Amino acid sequence: MVKKNLPTSAIKCKGCKHTLGKSSVRVQCTGVCNQWYHGTTKCTLLDEKSLNSVISKKIPWVSEECYVSEESDEISEDEEEEEQQENKSMESKIDKILSQNNLILKKLQEIRRENDQLKDELNGFKRETQEIRKELNTLKMEMEQSKQKNLKSNIVVTGTPVTLHTDIKTLNSAVMKIAGKLNININGKDFVCSKIEKDTSKQIKVKFHNSEKKDEIMEAKKKVLLNTHEIGFEEKIRFI
């Protein structure tokens with residue numbers, strides 16, 4: 001906007017800061033500042049051609065300062081919009097990460113529950129194992145006691161010509177004759193015979209149902225020496 005010959009006693013050119021004369025050609029900025037400038041290239045920062053166009057055609061003019069300010073505002077708005085877009089994008093990424101994190105937390109909770117169940121099962125197995133071990137230890141003790149009891153009731157007769165072909169009846173008869181020679185009264189129900197093969201030495205294992213009979217025989221044999229012929233074998237071999 002261009003005006004001439006206006007009272008300008010209190011108006012100063014925003015470009016040069018000098019007072020605008022009454023007859024000065026002046027140009028008013030139509031931008032934000034709405035201030036007056038001398039209609040010169042120096043104050044308006046326009047070239048001659050552009051300045052003449054503004055003055056002669058009364059073209060709206062925006063000072064460079066306002067133009068930069070408005071452009072800055074536009075840039076600021078663009079930057080703000082871009083920042084908002086970035087924020088939205090960031091929020092979307094954060095939401096996605098949080099969603100994934102929630103899924104991971106749920107899976108972890110499921111794994112923990114399964115782990116707790118496995119721990120309970122493992123503890124159950126441990127308790128069962130302990131019970132089984134106790135039972136095994138009890139059985140071992142009972143077996144050891146039974147073994148010791150059997151040993152107390154057993155006699156091993158060595159030095160006899162027993163072979164793989166010697167039958168149980170012959171063994172029973174030999175044991176009965178041994179008892180008879182020792183003046184011990186027994187019958188076939190008092191004991192059980194079996195053959196023991198150890199290297200070349202043939203042995204007879206006699207298990208008495210009553211340990212007292214075994215003790216009587218062991219005590220009596222200390223006083224008598226027997227040979228195999230006396231208990232039914234052809235060979236005359238002394239034995240213990």
# chains A, B, ... in the order shown; residues from 1 in each chain; ligands from 1
>>> select_by_dssp(residues="segment 38-76 of chain A", states="helix (DSSP H, G or I)", output="list in words")
Thr41, Lys42, Cys43, Thr44, Glu48, Lys49, Ser50, Leu51, Asn52, Ser53, Val54, Ile55, Ser56, Lys57, Glu64, Glu65, Cys66, Tyr67, Val68, Ser69, Glu70, Glu71, Ser72, Asp73, Glu74, Ile75 and Ser76 of chain A
>>> residues_around(residues="Ser50 of chain A", least_positions_apart="5", cutoff="10 Å", atoms="only C-alpha atoms", output="PyMOL selection string")
chain A and resi 41+45+55-56+59+61
>>> closest_residue(among="A:Lys106, A:Lys42, A:Lys221, A:Lys88", to="Gly180 of chain A", atoms="only C-alpha atoms")
A:Lys221
>>> select_by_dssp(residues="segment 10-210 of chain A", states="strand (DSSP E or B)", output="PyMOL selection string")
chain A and resi 12+19+26-29+36-38+61+154-158+191-198+201-208
>>> residues_around(residues="segment 143-156 of chain A", least_positions_apart="3", cutoff="10 Å", atoms="only C-alpha atoms", output="PyMOL selection string")
chain A and resi 137-140+191-196+203-215+217-218+240
>>> residues_around(residues="Glu64 of chain A", least_positions_apart="6", cutoff="10 Å", atoms="only C-alpha atoms", output="count of residues only")
6
>>> atom_distance(atom1="atom CA of Glu48 of chain A", atom2="atom CA of Ser69 of chain A")
23.9 Å
>>> atom_distance(atom1="atom CA of Glu110 of chain A", atom2="atom CA of Glu128 of chain A")
26.9 Å
>>> decode(residues="segment 165-184 of chain A", atoms="N, CA, C and O atoms", output="compact mmCIF listing (two decimals), in the first residue's frame")
# COMPACT_ATOMS: atom_id res chain seq x y z
N HIS A 165 26.24 -135.84 38.50
CA HIS A 165 25.21 -136.86 38.28
C HIS A 165 24.70 -137.45 39.59
O HIS A 165 23.81 -138.31 39.57
N THR A 166 25.27 -137.04 40.72
CA THR A 166 24.79 -137.54 42.01
C THR A 166 23.41 -136.97 42.27
O THR A 166 23.22 -135.75 42.26
N ASP A 167 22.42 -137.87 42.53
CA ASP A 167 21.06 -137.37 42.71
C ASP A 167 20.81 -136.95 44.15
O ASP A 167 21.58 -137.25 45.06
N ILE A 168 19.71 -136.23 44.35
CA ILE A 168 19.36 -135.69 45.66
C ILE A 168 19.08 -136.81 46.66
O ILE A 168 19.41 -136.70 47.85
N LYS A 169 18.50 -137.89 46.16
CA LYS A 169 18.18 -139.01 47.05
C LYS A 169 19.45 -139.55 47.69
O LYS A 169 19.48 -139.86 48.90
N THR A 170 20.52 -139.67 46.89
CA THR A 170 21.81 -140.15 47.41
C THR A 170 22.37 -139.18 48.44
O THR A 170 22.91 -139.57 49.47
N LEU A 171 22.22 -137.88 48.15
CA LEU A 171 22.70 -136.86 49.09
C LEU A 171 21.94 -136.93 50.41
O LEU A 171 22.54 -136.87 51.49
N ASN A 172 20.62 -137.07 50.31
CA ASN A 172 19.80 -137.15 51.53
C ASN A 172 20.18 -138.38 52.36
O ASN A 172 20.29 -138.32 53.59
N SER A 173 20.42 -139.48 51.65
CA SER A 173 20.80 -140.72 52.34
C SER A 173 22.14 -140.56 53.04
O SER A 173 22.32 -141.01 54.18
N ALA A 174 23.09 -139.87 52.37
CA ALA A 174 24.41 -139.65 52.96
C ALA A 174 24.29 -138.81 54.22
O ALA A 174 24.94 -139.10 55.25
N VAL A 175 23.45 -137.77 54.18
CA VAL A 175 23.29 -136.90 55.35
C VAL A 175 22.64 -137.67 56.50
O VAL A 175 23.04 -137.53 57.67
N MET A 176 21.65 -138.50 56.19
CA MET A 176 21.00 -139.31 57.22
C MET A 176 22.01 -140.25 57.88
O MET A 176 22.02 -140.43 59.11
N LYS A 177 22.91 -140.85 57.06
CA LYS A 177 23.92 -141.77 57.60
C LYS A 177 24.94 -141.03 58.45
O LYS A 177 25.41 -141.55 59.47
N ILE A 178 25.31 -139.80 58.02
CA ILE A 178 26.23 -139.00 58.83
C ILE A 178 25.62 -138.75 60.20
O ILE A 178 26.28 -138.92 61.24
N ALA A 179 24.35 -138.34 60.21
CA ALA A 179 23.67 -138.09 61.48
C ALA A 179 23.59 -139.35 62.33
O ALA A 179 23.77 -139.31 63.56
N GLY A 180 23.34 -140.50 61.65
CA GLY A 180 23.27 -141.76 62.39
C GLY A 180 24.60 -142.12 63.01
O GLY A 180 24.65 -142.58 64.17
N LYS A 181 25.72 -141.94 62.26
CA LYS A 181 27.04 -142.23 62.79
C LYS A 181 27.38 -141.32 63.97
O LYS A 181 28.17 -141.69 64.85
N LEU A 182 26.77 -140.13 63.97
CA LEU A 182 27.03 -139.18 65.06
C LEU A 182 26.01 -139.31 66.18
O LEU A 182 26.00 -138.51 67.12
N ASN A 183 25.13 -140.33 66.04
CA ASN A 183 24.09 -140.58 67.04
C ASN A 183 23.11 -139.41 67.18
O ASN A 183 22.65 -139.07 68.28
N ILE A 184 22.82 -138.77 66.04
CA ILE A 184 21.83 -137.69 66.02
C ILE A 184 20.61 -138.20 65.26
O ILE A 184 20.73 -138.68 64.13
